[in-house]
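Everything below belongs to start.cif, which stores mmCIF, C-alpha atoms and all ligand atoms.
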data_query
loop_
_atom_site.label_atom_id
_atom_site.label_comp_id
_atom_site.auth_asym_id
_atom_site.auth_seq_id
_atom_site.Cartn_x
_atom_site.Cartn_y
_atom_site.Cartn_z
CA ARG A 1 -94.14 51.00 -322.96
CA GLY A 2 -93.22 50.39 -319.33
CA SER A 3 -95.13 50.04 -316.07
CA GLY A 4 -98.75 51.01 -316.75
CA PRO A 5 -102.03 51.14 -314.83
CA ALA A 6 -102.41 47.35 -314.51
CA ASP A 7 -98.85 47.00 -313.18
CA GLN A 8 -99.32 49.89 -310.76
CA ALA A 9 -102.61 48.48 -309.48
CA LEU A 10 -101.04 45.05 -308.86
CA ARG A 11 -98.12 46.68 -307.06
CA ALA A 12 -100.51 48.54 -304.76
CA ARG A 13 -102.46 45.36 -303.99
CA ALA A 14 -99.25 43.36 -303.50
CA ARG A 15 -97.94 45.88 -300.97
CA GLN A 16 -101.00 45.09 -298.81
CA VAL A 17 -100.56 41.32 -298.79
CA VAL A 18 -96.89 40.64 -299.68
CA PRO A 19 -94.31 42.34 -297.44
CA GLY A 20 -92.57 45.00 -299.52
CA GLY A 21 -94.71 44.03 -302.52
CA MET A 22 -92.09 41.56 -303.75
CA TRP A 23 -89.03 39.85 -302.33
CA GLY A 24 -85.41 39.45 -303.26
CA HIS A 25 -83.95 39.80 -306.71
CA LEU A 26 -87.34 40.03 -308.42
CA SER A 27 -88.29 43.22 -306.60
CA VAL A 28 -88.04 46.05 -309.13
CA GLU A 29 -87.42 48.57 -306.33
CA ALA A 30 -84.88 46.54 -304.34
CA ASN A 31 -83.05 45.81 -307.55
CA GLN A 32 -82.69 49.47 -308.51
CA LEU A 33 -84.27 48.78 -311.88
CA PRO A 34 -85.17 51.82 -314.01
CA ALA A 35 -88.37 53.60 -312.97
CA ASN A 36 -90.35 52.48 -316.03
CA TYR A 37 -89.67 48.75 -315.49
CA PRO A 38 -92.80 46.65 -314.95
CA GLN A 39 -92.99 44.44 -311.86
CA PHE A 40 -95.59 42.03 -313.25
CA PHE A 41 -95.61 39.91 -316.40
CA ALA A 42 -98.48 38.20 -318.17
CA SER A 43 -96.85 35.87 -320.69
CA GLY A 44 -93.79 34.85 -322.65
CA GLU A 45 -93.30 33.46 -326.15
CA GLY A 46 -89.99 32.60 -327.80
CA PRO A 47 -87.60 35.48 -327.06
CA ARG A 48 -90.37 37.86 -325.91
CA VAL A 49 -92.12 38.67 -322.64
CA ARG A 50 -95.35 40.63 -322.26
CA ASP A 51 -96.15 42.71 -319.17
CA VAL A 52 -99.57 42.94 -317.54
CA ASP A 53 -100.32 46.15 -319.46
CA GLY A 54 -99.87 44.27 -322.73
CA HIS A 55 -96.48 45.72 -323.70
CA GLU A 56 -94.13 43.31 -325.41
CA TYR A 57 -90.35 43.28 -324.96
CA LEU A 58 -87.51 41.43 -326.57
CA ASP A 59 -86.08 39.84 -323.45
CA LEU A 60 -82.37 39.72 -322.66
CA MET A 61 -82.85 38.54 -319.05
CA CYS A 62 -84.45 35.18 -319.91
CA ALA A 63 -86.19 35.03 -316.51
CA TRP A 64 -82.74 35.58 -314.92
CA GLY A 65 -81.37 32.51 -316.68
CA PRO A 66 -83.97 29.73 -316.73
CA MET A 67 -85.26 30.49 -320.23
CA LEU A 68 -82.72 28.87 -322.57
CA ILE A 69 -84.48 27.73 -325.76
CA GLY A 70 -87.48 30.08 -325.81
CA TYR A 71 -90.44 30.79 -323.56
CA ARG A 72 -93.00 28.01 -324.00
CA ASN A 73 -90.68 26.04 -326.26
CA PRO A 74 -93.10 23.68 -328.09
CA LYS A 75 -91.03 20.52 -327.52
CA VAL A 76 -90.53 21.22 -323.83
CA GLU A 77 -94.15 22.17 -323.24
CA ALA A 78 -95.42 19.08 -325.11
CA ALA A 79 -93.25 16.86 -322.88
CA VAL A 80 -94.55 18.64 -319.78
CA ARG A 81 -98.19 18.34 -320.86
CA ALA A 82 -97.79 14.65 -321.66
CA GLN A 83 -96.39 14.05 -318.19
CA LEU A 84 -98.98 16.22 -316.43
CA ASP A 85 -101.67 14.12 -318.07
CA ARG A 86 -100.20 11.09 -316.29
CA GLY A 87 -99.22 12.68 -312.98
CA ASP A 88 -96.52 14.94 -311.62
CA THR A 89 -96.15 14.61 -307.84
CA LEU A 90 -96.71 10.94 -306.99
CA ASN A 91 -95.68 8.54 -304.22
CA GLY A 92 -92.24 8.32 -305.76
CA PRO A 93 -90.37 9.30 -308.89
CA SER A 94 -91.44 8.33 -312.41
CA ALA A 95 -89.28 6.70 -315.07
CA ARG A 96 -88.38 10.26 -316.16
CA MET A 97 -85.95 10.46 -313.22
CA VAL A 98 -83.89 7.54 -314.47
CA GLU A 99 -84.07 8.74 -318.07
CA LEU A 100 -82.90 12.23 -317.11
CA ALA A 101 -80.08 10.90 -314.91
CA GLU A 102 -78.95 8.69 -317.82
CA LEU A 103 -79.08 11.67 -320.18
CA LEU A 104 -77.00 13.84 -317.83
CA VAL A 105 -74.46 11.06 -317.31
CA ASN A 106 -74.16 10.77 -321.09
CA THR A 107 -74.02 14.55 -321.68
CA VAL A 108 -72.03 16.06 -318.78
CA ALA A 109 -68.46 14.80 -319.15
CA HIS A 110 -67.54 14.32 -315.48
CA ALA A 111 -70.90 12.88 -314.42
CA ASP A 112 -71.20 9.28 -313.22
CA TRP A 113 -74.48 9.92 -311.41
CA ALA A 114 -77.10 12.63 -310.79
CA VAL A 115 -79.50 13.57 -308.00
CA PHE A 116 -82.33 16.08 -308.31
CA ALA A 117 -83.89 18.96 -306.39
CA LYS A 118 -85.64 22.25 -307.22
CA ASN A 119 -83.53 25.42 -306.85
CA GLY A 120 -79.93 26.38 -307.40
CA THR A 121 -79.43 26.75 -303.66
CA ASP A 122 -80.57 23.13 -303.21
CA ALA A 123 -77.87 22.07 -305.67
CA THR A 124 -75.03 24.11 -304.14
CA SER A 125 -75.91 23.21 -300.54
CA THR A 126 -76.35 19.53 -301.44
CA SER A 127 -72.93 19.60 -303.12
CA CYS A 128 -71.38 21.01 -299.95
CA ALA A 129 -73.13 18.37 -297.83
CA ILE A 130 -71.85 15.59 -300.09
CA ALA A 131 -68.29 16.96 -299.84
CA ARG A 132 -68.51 17.24 -296.05
CA ALA A 133 -69.95 13.74 -295.71
CA ALA A 134 -67.23 12.32 -297.96
CA THR A 135 -64.31 14.05 -296.21
CA GLY A 136 -65.50 14.45 -292.64
CA ARG A 137 -64.22 18.03 -292.89
CA ARG A 138 -65.97 21.38 -292.39
CA LYS A 139 -64.55 24.21 -294.53
CA ILE A 140 -65.98 25.29 -297.87
CA LEU A 141 -63.74 27.68 -299.82
CA LYS A 142 -65.56 30.20 -302.04
CA ALA A 143 -64.54 33.28 -304.03
CA THR A 144 -65.28 36.71 -302.53
CA THR A 145 -68.57 38.12 -303.92
CA SER A 146 -69.35 34.91 -305.83
CA TYR A 147 -73.03 34.14 -305.27
CA HIS A 148 -73.91 30.52 -304.50
CA GLY A 149 -77.41 30.85 -303.07
CA ALA A 150 -79.65 32.37 -300.43
CA ASN A 151 -79.38 29.89 -297.57
CA ALA A 152 -77.77 30.86 -294.29
CA GLN A 153 -74.23 29.79 -295.19
CA PHE A 154 -74.10 31.61 -298.53
CA ASN A 155 -76.60 34.51 -298.32
CA PRO A 156 -74.67 37.73 -298.97
CA PHE A 157 -77.34 39.62 -296.98
CA VAL A 158 -76.71 38.61 -293.38
CA ASN A 159 -80.00 39.76 -291.82
CA GLY A 160 -81.74 36.69 -290.44
CA THR A 161 -78.56 34.64 -290.23
CA THR A 162 -75.97 34.13 -287.50
CA PRO A 163 -72.16 34.39 -287.76
CA GLU A 164 -72.13 30.69 -286.85
CA ASP A 165 -74.02 29.92 -290.07
CA ARG A 166 -71.00 31.20 -292.02
CA ALA A 167 -68.31 29.93 -289.63
CA HIS A 168 -67.07 27.31 -292.09
CA ILE A 169 -67.16 29.45 -295.24
CA VAL A 170 -63.69 30.71 -296.15
CA GLU A 171 -63.09 33.27 -298.91
CA PHE A 172 -60.41 33.63 -301.56
CA ALA A 173 -60.04 35.93 -304.59
CA TYR A 174 -61.28 34.56 -307.93
CA ASN A 175 -58.46 33.85 -310.43
CA ASP A 176 -55.90 34.30 -307.62
CA LEU A 177 -54.29 30.94 -306.93
CA ALA A 178 -52.04 32.34 -304.19
CA SER A 179 -55.08 33.55 -302.21
CA LEU A 180 -56.76 30.16 -302.64
CA GLU A 181 -53.60 28.36 -301.46
CA ALA A 182 -53.38 30.72 -298.47
CA ALA A 183 -57.03 30.14 -297.54
CA ALA A 184 -56.51 26.38 -297.73
CA ALA A 185 -53.30 26.57 -295.68
CA ARG A 186 -55.11 28.47 -292.90
CA HIS A 187 -57.50 25.53 -292.56
CA GLU A 188 -55.17 22.64 -293.20
CA GLY A 189 -56.82 19.28 -292.69
CA ASP A 190 -60.32 20.81 -292.61
CA VAL A 191 -61.05 21.70 -296.27
CA ALA A 192 -64.07 19.75 -297.54
CA ALA A 193 -64.49 21.55 -300.88
CA VAL A 194 -63.74 24.48 -303.12
CA ILE A 195 -66.89 25.87 -304.76
CA VAL A 196 -66.32 28.05 -307.80
CA THR A 197 -68.28 29.46 -310.75
CA PRO A 198 -67.05 28.67 -314.30
CA PHE A 199 -66.24 32.35 -314.89
CA PHE A 200 -66.38 35.36 -312.60
CA HIS A 201 -69.95 36.57 -313.06
CA ASP A 202 -70.74 38.50 -309.86
CA GLY A 203 -70.12 41.93 -308.43
CA PHE A 204 -70.64 45.43 -309.77
CA GLY A 205 -67.42 45.54 -311.80
CA ASP A 206 -66.62 43.79 -315.06
CA LEU A 207 -67.03 40.05 -315.43
CA ALA A 208 -63.92 37.97 -316.06
CA ALA A 209 -63.13 34.74 -317.87
CA VAL A 210 -61.50 32.09 -315.74
CA ASP A 211 -57.73 32.01 -316.06
CA PRO A 212 -57.06 28.45 -317.34
CA ALA A 213 -54.05 28.25 -315.01
CA PHE A 214 -56.35 29.10 -312.09
CA ALA A 215 -58.84 26.39 -313.09
CA ARG A 216 -56.02 23.84 -313.32
CA GLY A 217 -54.65 25.11 -310.00
CA VAL A 218 -58.02 24.64 -308.25
CA ARG A 219 -58.13 21.08 -309.59
CA ALA A 220 -54.57 20.37 -308.41
CA LEU A 221 -55.21 21.84 -304.97
CA CYS A 222 -58.37 19.75 -304.50
CA ASP A 223 -56.49 16.61 -305.61
CA ARG A 224 -53.64 17.35 -303.22
CA LEU A 225 -55.97 17.96 -300.26
CA GLY A 226 -58.48 15.25 -301.08
CA ALA A 227 -61.17 17.97 -301.20
CA ALA A 228 -64.06 18.12 -303.68
CA LEU A 229 -64.06 20.60 -306.54
CA ILE A 230 -67.64 21.88 -306.87
CA LEU A 231 -68.41 23.76 -310.09
CA ASP A 232 -71.42 26.03 -309.52
CA GLU A 233 -73.09 25.83 -312.94
CA VAL A 234 -76.41 27.21 -311.70
CA ARG A 235 -76.08 30.33 -313.88
CA THR A 236 -73.85 28.95 -316.66
CA GLY A 237 -75.16 25.40 -317.08
CA PHE A 238 -76.06 24.44 -320.70
CA ARG A 239 -75.30 28.02 -321.91
CA LEU A 240 -71.51 27.73 -322.16
CA ASP A 241 -70.96 24.04 -322.93
CA ALA A 242 -73.44 21.18 -322.56
CA ALA A 243 -70.61 18.86 -321.48
CA GLY A 244 -69.65 21.20 -318.62
CA SER A 245 -68.36 24.77 -318.71
CA TRP A 246 -64.74 23.87 -317.91
CA GLU A 247 -64.65 21.02 -320.43
CA PRO A 248 -62.90 23.18 -323.08
CA LEU A 249 -60.16 23.78 -320.48
CA GLY A 250 -59.81 20.07 -319.78
CA VAL A 251 -60.63 20.61 -316.09
CA ARG A 252 -63.30 18.32 -314.64
CA PRO A 253 -65.04 19.00 -311.33
CA ASP A 254 -66.03 16.33 -308.81
CA LEU A 255 -69.50 17.83 -308.39
CA SER A 256 -71.54 20.20 -310.57
CA ALA A 257 -74.57 22.16 -309.36
CA PHE A 258 -77.21 22.83 -312.03
CA SER A 259 -80.64 24.51 -311.96
CA LYS A 260 -81.99 27.60 -313.79
CA ALA A 261 -81.80 26.57 -317.49
CA LEU A 262 -81.77 22.79 -316.99
CA ALA A 263 -85.52 22.47 -317.67
CA ASN A 264 -86.03 25.71 -319.65
CA GLY A 265 -87.93 27.38 -316.83
CA HIS A 266 -89.51 24.41 -315.08
CA ALA A 267 -88.51 23.92 -311.45
CA LEU A 268 -85.58 21.54 -311.39
CA ALA A 269 -82.06 21.34 -310.00
CA ALA A 270 -79.44 18.63 -310.31
CA VAL A 271 -76.13 17.71 -308.77
CA THR A 272 -73.91 15.55 -310.95
CA GLY A 273 -70.85 13.84 -309.54
CA VAL A 274 -68.05 11.34 -309.89
CA ASP A 275 -68.01 7.73 -308.73
CA ALA A 276 -65.70 8.49 -305.81
CA LEU A 277 -68.51 10.54 -304.19
CA ARG A 278 -71.32 8.07 -304.88
CA ASP A 279 -71.26 6.55 -301.39
CA ALA A 280 -71.25 9.95 -299.70
CA VAL A 281 -74.54 10.82 -301.43
CA THR A 282 -76.20 7.79 -299.88
CA LYS A 283 -75.01 8.88 -296.42
CA ILE A 284 -76.79 12.25 -296.38
CA TYR A 285 -80.53 12.72 -296.11
CA LEU A 286 -81.69 14.36 -299.32
CA THR A 287 -85.34 15.21 -299.71
CA GLY A 288 -88.04 17.73 -300.53
CA SER A 289 -91.78 17.28 -301.06
CA PHE A 290 -91.49 18.22 -304.74
CA TRP A 291 -87.98 17.02 -305.58
CA ALA A 292 -89.19 13.96 -307.48
CA GLN A 293 -91.82 15.74 -309.60
CA ALA A 294 -92.04 14.08 -312.99
CA ALA A 295 -93.13 16.98 -315.23
CA PRO A 296 -90.05 19.20 -314.65
CA MET A 297 -87.90 16.12 -315.29
CA ALA A 298 -89.72 15.59 -318.59
CA ALA A 299 -88.95 19.25 -319.33
CA GLY A 300 -85.30 18.68 -318.43
CA ILE A 301 -85.03 15.73 -320.82
CA ALA A 302 -86.58 17.72 -323.68
CA THR A 303 -84.41 20.75 -322.94
CA VAL A 304 -81.07 18.93 -322.79
CA GLN A 305 -81.92 16.91 -325.91
CA GLU A 306 -82.84 20.08 -327.81
CA VAL A 307 -79.73 21.97 -326.67
CA VAL A 308 -77.50 19.15 -327.92
CA ALA A 309 -79.47 18.44 -331.13
CA THR A 310 -79.56 22.09 -332.25
CA ASP A 311 -76.13 23.15 -330.89
CA ALA A 312 -77.92 25.91 -328.99
CA VAL A 313 -74.64 26.76 -327.24
CA ALA A 314 -72.96 27.78 -330.51
CA ALA A 315 -76.04 29.79 -331.53
CA MET A 316 -76.07 31.72 -328.25
CA ARG A 317 -72.36 32.50 -328.53
CA THR A 318 -72.79 33.87 -332.08
CA LEU A 319 -75.85 35.93 -331.14
CA GLY A 320 -74.08 37.26 -328.05
CA GLU A 321 -71.07 38.32 -330.10
CA GLN A 322 -73.39 40.08 -332.56
CA LEU A 323 -75.01 41.94 -329.66
CA ALA A 324 -71.80 42.92 -327.82
CA ASP A 325 -69.95 43.94 -331.00
CA GLY A 326 -72.95 45.99 -332.12
CA MET A 327 -73.20 47.80 -328.78
CA ARG A 328 -69.46 48.53 -328.72
CA GLN A 329 -69.71 50.12 -332.18
CA GLN A 330 -72.75 52.17 -331.15
CA ALA A 331 -71.04 53.36 -327.95
CA ALA A 332 -67.92 54.38 -329.87
CA ALA A 333 -70.01 56.24 -332.44
CA ALA A 334 -71.86 58.05 -329.65
CA GLY A 335 -68.61 58.83 -327.86
CA VAL A 336 -69.78 57.04 -324.70
CA GLY A 337 -67.32 55.05 -322.57
CA PHE A 338 -68.75 51.53 -322.43
CA VAL A 339 -67.61 48.01 -321.57
CA ALA A 340 -69.41 44.76 -322.39
CA SER A 341 -67.73 42.01 -320.36
CA GLY A 342 -68.42 38.36 -319.64
CA HIS A 343 -69.16 35.38 -321.86
CA PRO A 344 -71.00 36.27 -325.11
CA ALA A 345 -74.02 34.23 -323.92
CA MET A 346 -73.98 36.07 -320.55
CA PRO A 347 -72.82 39.66 -321.14
CA LYS A 348 -72.77 42.51 -318.63
CA ILE A 349 -72.66 46.21 -319.43
CA ARG A 350 -70.82 49.05 -317.68
CA PHE A 351 -70.53 52.74 -318.53
CA THR A 352 -67.02 53.83 -317.68
CA ASP A 353 -68.16 57.28 -316.50
CA ASP A 354 -70.56 55.67 -314.01
CA VAL A 355 -68.24 56.00 -311.01
CA ASP A 356 -69.91 54.71 -307.83
CA SER A 357 -73.28 54.93 -309.60
CA ILE A 358 -75.32 53.22 -312.30
CA ASP A 359 -76.91 56.45 -313.59
CA ARG A 360 -75.86 56.02 -317.23
CA ALA A 361 -76.66 52.31 -317.25
CA THR A 362 -80.09 53.10 -315.78
CA GLN A 363 -80.82 55.76 -318.43
CA PHE A 364 -79.64 53.36 -321.14
CA CYS A 365 -81.96 50.59 -319.95
CA PHE A 366 -84.86 53.03 -319.38
CA THR A 367 -84.66 54.15 -323.00
CA ALA A 368 -84.10 50.65 -324.37
CA LEU A 369 -87.24 49.49 -322.54
CA GLU A 370 -89.25 52.27 -324.16
CA HIS A 371 -87.94 50.95 -327.47
CA GLY A 372 -88.98 47.39 -326.65
CA ALA A 373 -85.89 45.69 -325.19
CA TYR A 374 -85.79 44.41 -321.60
CA LEU A 375 -82.16 44.76 -320.42
CA HIS A 376 -80.48 45.06 -317.03
CA PRO A 377 -78.30 47.91 -315.75
CA TRP A 378 -75.90 45.95 -313.50
CA HIS A 379 -76.57 42.20 -313.60
CA ASN A 380 -75.38 39.96 -316.43
CA TRP A 381 -77.86 39.39 -319.26
CA PHE A 382 -78.71 36.01 -320.81
CA LEU A 383 -78.91 35.04 -324.47
CA SER A 384 -81.21 32.24 -325.60
CA SER A 385 -81.31 30.14 -328.75
CA ALA A 386 -84.80 31.55 -329.41
CA HIS A 387 -83.17 34.85 -330.26
CA THR A 388 -82.24 35.20 -333.93
CA PRO A 389 -79.92 37.56 -335.82
CA ASP A 390 -83.08 39.50 -336.64
CA THR A 391 -84.23 39.85 -333.02
CA ILE A 392 -80.71 40.89 -332.00
CA ALA A 393 -80.85 43.55 -334.73
CA GLN A 394 -84.10 44.79 -333.15
CA VAL A 395 -82.43 44.84 -329.72
CA LEU A 396 -79.59 46.84 -331.26
CA ALA A 397 -82.09 49.41 -332.54
CA ALA A 398 -83.21 49.85 -328.91
CA THR A 399 -79.64 50.05 -327.57
CA GLU A 400 -78.82 52.65 -330.24
CA ALA A 401 -81.56 54.83 -328.76
CA GLY A 402 -80.17 54.05 -325.30
CA PHE A 403 -76.68 55.25 -326.17
CA GLN A 404 -78.10 58.43 -327.72
CA ALA A 405 -80.08 59.11 -324.54
CA VAL A 406 -76.93 58.67 -322.43
CA ARG A 407 -74.96 60.98 -324.72
CA ASP A 408 -77.72 63.62 -324.68
CA ARG A 409 -78.26 63.58 -320.91
CA PHE A 410 -74.73 63.37 -319.54
N1 LIG B 1 -75.46 29.79 -307.75
C1 LIG B 1 -75.41 30.71 -308.72
C2 LIG B 1 -74.15 30.88 -309.50
C3 LIG B 1 -76.53 31.48 -309.01
O1 LIG B 1 -76.48 32.41 -309.98
C4 LIG B 1 -77.72 31.28 -308.27
C5 LIG B 1 -78.98 32.08 -308.53
N2 LIG B 1 -78.80 33.32 -309.08
C6 LIG B 1 -77.71 30.31 -307.25
C7 LIG B 1 -76.57 29.58 -307.03
C8 LIG B 1 -78.93 30.06 -306.41
O2 LIG B 1 -79.97 29.57 -307.19
P1 LIG B 1 -81.48 29.67 -306.71
O3 LIG B 1 -81.83 31.13 -306.64
O4 LIG B 1 -82.26 28.94 -307.74
O5 LIG B 1 -81.57 29.01 -305.37
#

I'd like the structure from this file rewritten - as structure tokens, please.
Ligand code: PMP
Amino acid sequence: RGSGPADQALRARARQVVPGGMWGHLSVEANQLPANYPQFFASGEGPRVRDVDGHEYLDLMCAWGPMLIGYRNPKVEAAVRAQLDRGDTLNGPSARMVELAELLVNTVAHADWAVFAKNGTDATSTSCAIARAATGRRKILKATTSYHGANAQFNPFVNGTTPEDRAHIVEFAYNDLASLEAAAARHEGDVAAVIVTPFFHDGFGDLAAVDPAFARGVRALCDRLGAALILDEVRTGFRLDAAGSWEPLGVRPDLSAFSKALANGHALAAVTGVDALRDAVTKIYLTGSFWAQAAPMAAGIATVQEVVATDAVAAMRTLGEQLADGMRQQAAAAGVGFVASGHPAMPKIRFTDDVDSIDRATQFCFTALEHGAYLHPWHNWFLSSAHTPDTIAQVLAATEAGFQAVRDRF
């Protein structure tokens, strides 16, 4: 298994006509993925992906989040096909837009309304624009290293941007209320919003659950300042809690940014919000040539309905616990220092002897790929409800080989 002749040939052709062969986070090279990882994929089915050389993998990246209830989920694909047969991009939206907005308002606890776009960055930047329009203020407070998108104000890679693009982005430390309060105090009277992810899921270290006191503190600070609390659910949405990821904490945001899993892989983003911000939405100019497409909205309806009807969230949590517990036992048996952090449905691995490197994680993933599991050495993984206890057991057979390879080599 791994990158074969078809993958290598496509890479060579791509390098001629696509700068660098591939861009951004999907570039195998730029992402420091193990040397055997394929760049190109041919198909996906349920919990599996197949590369262009015909090798099949049990997939724990789920297309970096969008796949939630299985590649080519029959209910989602039937809804998409039915809509495509009628039309997708038309002179205006279809009835699907209203139906999906109604479904989100009924499903997401804080939501009184929804607007739609395509990518996660559309949703986070729209949320910031709504907050700025509502408050007449400029500053957006975000946690250090939290990723909120690739536009000029949020892109962590500054090439191609200006300092002015980021002039109104102010950083604080996640789970550190004092640093948030200090950041807000430095910009008194000018804070439009705090944007925050439901748990700390970025950076090269371990992931961290949100401290409930921090979540409540963010809410209280936003209330005190009259600023909007934006929950960036682009990565977490519909994986942690269909009603909203902070719902179990009893903390409701003013705006939530969704994309990735909302339509199980079809191109769709949404911002949901509270009544108090309804007018502000009508004051900003929101548009995109494909933002009203009907087929992805049909996919979104089918996806959200299926997640709720099957309690996919509970299934992913159980499967994720099975996976993380199994890996911890294997690591201990192999005598390898290992941490699985993060939410069970979005785990991240770290080898404790990998100091300033990902050498062990890379070896682990290299070997797991050879044994048929597609994992990631430094980014969080994603569970889906198309995985089963049996497929997780197969993944664990691959990770077992991975731990043995780490023990043997280091
Ligand atoms: N916010 C978060 C938390 C994300 O994980 C991402 C994508 N990884 C984004 C925003 C941006 O989404 P997109 O790449 O679809 O624009």

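Distances here use only C-alpha atoms; by that measure, the residue among A:Ala295, A:Ala63, A:Ile392, A:Ala134 closest to A:His25 is A:Ala63.
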
Using all atoms listed in the file, tabulate the residues of stretch 245-295 of chain A lying at most 12 Å from any atom of stretch 367-386 of chain A, each with its closest atom pair and that distance in Å to one decimal, by chain and increasing residue number, as JSON lines.
{"residue": "A:Lys260", "atom": "CA", "partner": "A:Phe382", "partner_atom": "CA", "distance": 11.4}
{"residue": "A:Ala261", "atom": "CA", "partner": "A:Ser384", "partner_atom": "CA", "distance": 9.9}
{"residue": "A:Asn264", "atom": "CA", "partner": "A:Ser384", "partner_atom": "CA", "distance": 10.1}

| query | Which protein, DNA or RNA residues have an atom within 6 Å of ligand LIG 1 (chain B), counting all atoms listed in the file, as a list in words? | reply | Asn119, Gly120, Thr121, Tyr147, His148, Gly149, Asp232, Val234 and Arg235 of chain A

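From atom CA of A:Pro389 back to atom CA of A:Ala333, the distance works out to 21.4 Å.
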
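Atom CA of A:Val28 sits 25.2 Å away from atom CA of A:Arg407.
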
| request: Within 6 Å of stretch 164-171 of chain A, counting only C-alpha atoms, which residues show up once you throw out same-chain ones fewer than 4 positions away? Write them as a PyMOL selection string, please. | output: chain A and resi 139-144+152-153

| message | I want to know what sits within 9 Å of A:Glu99, based on all atoms listed in the file, with residues of the same chain fewer than 6 positions away left out; could you give that as a ChimeraX atom specification? | response | /A:297-298,301

| field | Counting only C-alpha atoms, the residue of A:Ala331, A:Gly70, A:Val218, A:Val271 that sits nearest A:Glu306 | value | A:Gly70

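Using only C-alpha atoms, the shortest contact distance between A:Ala109 and any of A:Asn159, A:Thr124, A:Asn36, A:Thr272 is found at A:Thr272.
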
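Of the residues under consideration (A:Gly44, A:Ala78, A:Gly337, A:Asn155), A:Gly44 shows the shortest atom-to-atom contact distance to A:Leu58 when counting all atoms listed in the file.
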
| said: So that I can check the surroundings of stretch 196-203 of chain A, please list as a PyMOL selection string every protein, DNA and RNA residue that reaches within 10 Å of it, counting all atoms listed in the file and ignoring chain neighbours fewer than 3 positions away. | reply: chain A and resi 141-148+174-175+193+206-211+215+218+229-237+240+244-246+253+256-257+341-343+346-348+378-380

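Interatomic distance, atom CA of A:Leu221 to atom CA of A:Phe172: 13.3 Å.
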
| request: Pick out the closest residue to A:Val307 from this set: A:Pro248, A:Val406, A:Ala270, A:Thr107. Count only C-alpha atoms. | output: A:Thr107

| note | Using all atoms listed in the file, the shortest atom-to-atom distance to A:Glu102 among A:Ala183, A:Val115, A:Leu33, A:Leu68 belongs to A:Val115

| task | Name the residues in contact with A:Asp390 at a cut-off of 12 Å, using all atoms listed in the file, excluding same-chain residues fewer than 6 positions from it; report them as a PyMOL selection string. | result | chain A and resi 47+58+319+322-323+396-397

How would the residues just chosen look if you wrote them out with C-alpha atoms as a PDB file, in the coordinates of the input?
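File written: result.pdb
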ATOM      1  CA  PRO A  47     -87.600  35.480-327.060  1.00  0.00           C
ATOM      2  CA  LEU A  58     -87.510  41.430-326.570  1.00  0.00           C
ATOM      3  CA  LEU A 319     -75.850  35.930-331.140  1.00  0.00           C
ATOM      4  CA  GLN A 322     -73.390  40.080-332.560  1.00  0.00           C
ATOM      5  CA  LEU A 323     -75.010  41.940-329.660  1.00  0.00           C
ATOM      6  CA  LEU A 396     -79.590  46.840-331.260  1.00  0.00           C
ATOM      7  CA  ALA A 397     -82.090  49.410-332.540  1.00  0.00           C
TER       8      ALA A 397
END

So for stretch 134-140 of chain A, what box centre and size do we get, axis-aligned, 3 Å extra on each of the six sides, every listed atom, Å to one decimal, as AutoDock Vina command-line options?
--center_x -65.7 --center_y 18.8 --center_z -295.2 --size_x 9.0 --size_y 19.0 --size_z 11.6

| field | Selection near A:Phe290, 12 Å with only C-alpha atoms, sequence-local residues under 3 positions removed, as a ChimeraX atom specification | value | /A:88-93,116-119,267-269,286-287,293-297

| message | Show me the residues close to (-93.9, 33.7, -325.6) - anything with an atom within 10 Å, counting all atoms listed in the file - and format the list as a PyMOL selection string. | response | chain A and resi 42-50+56+70-73
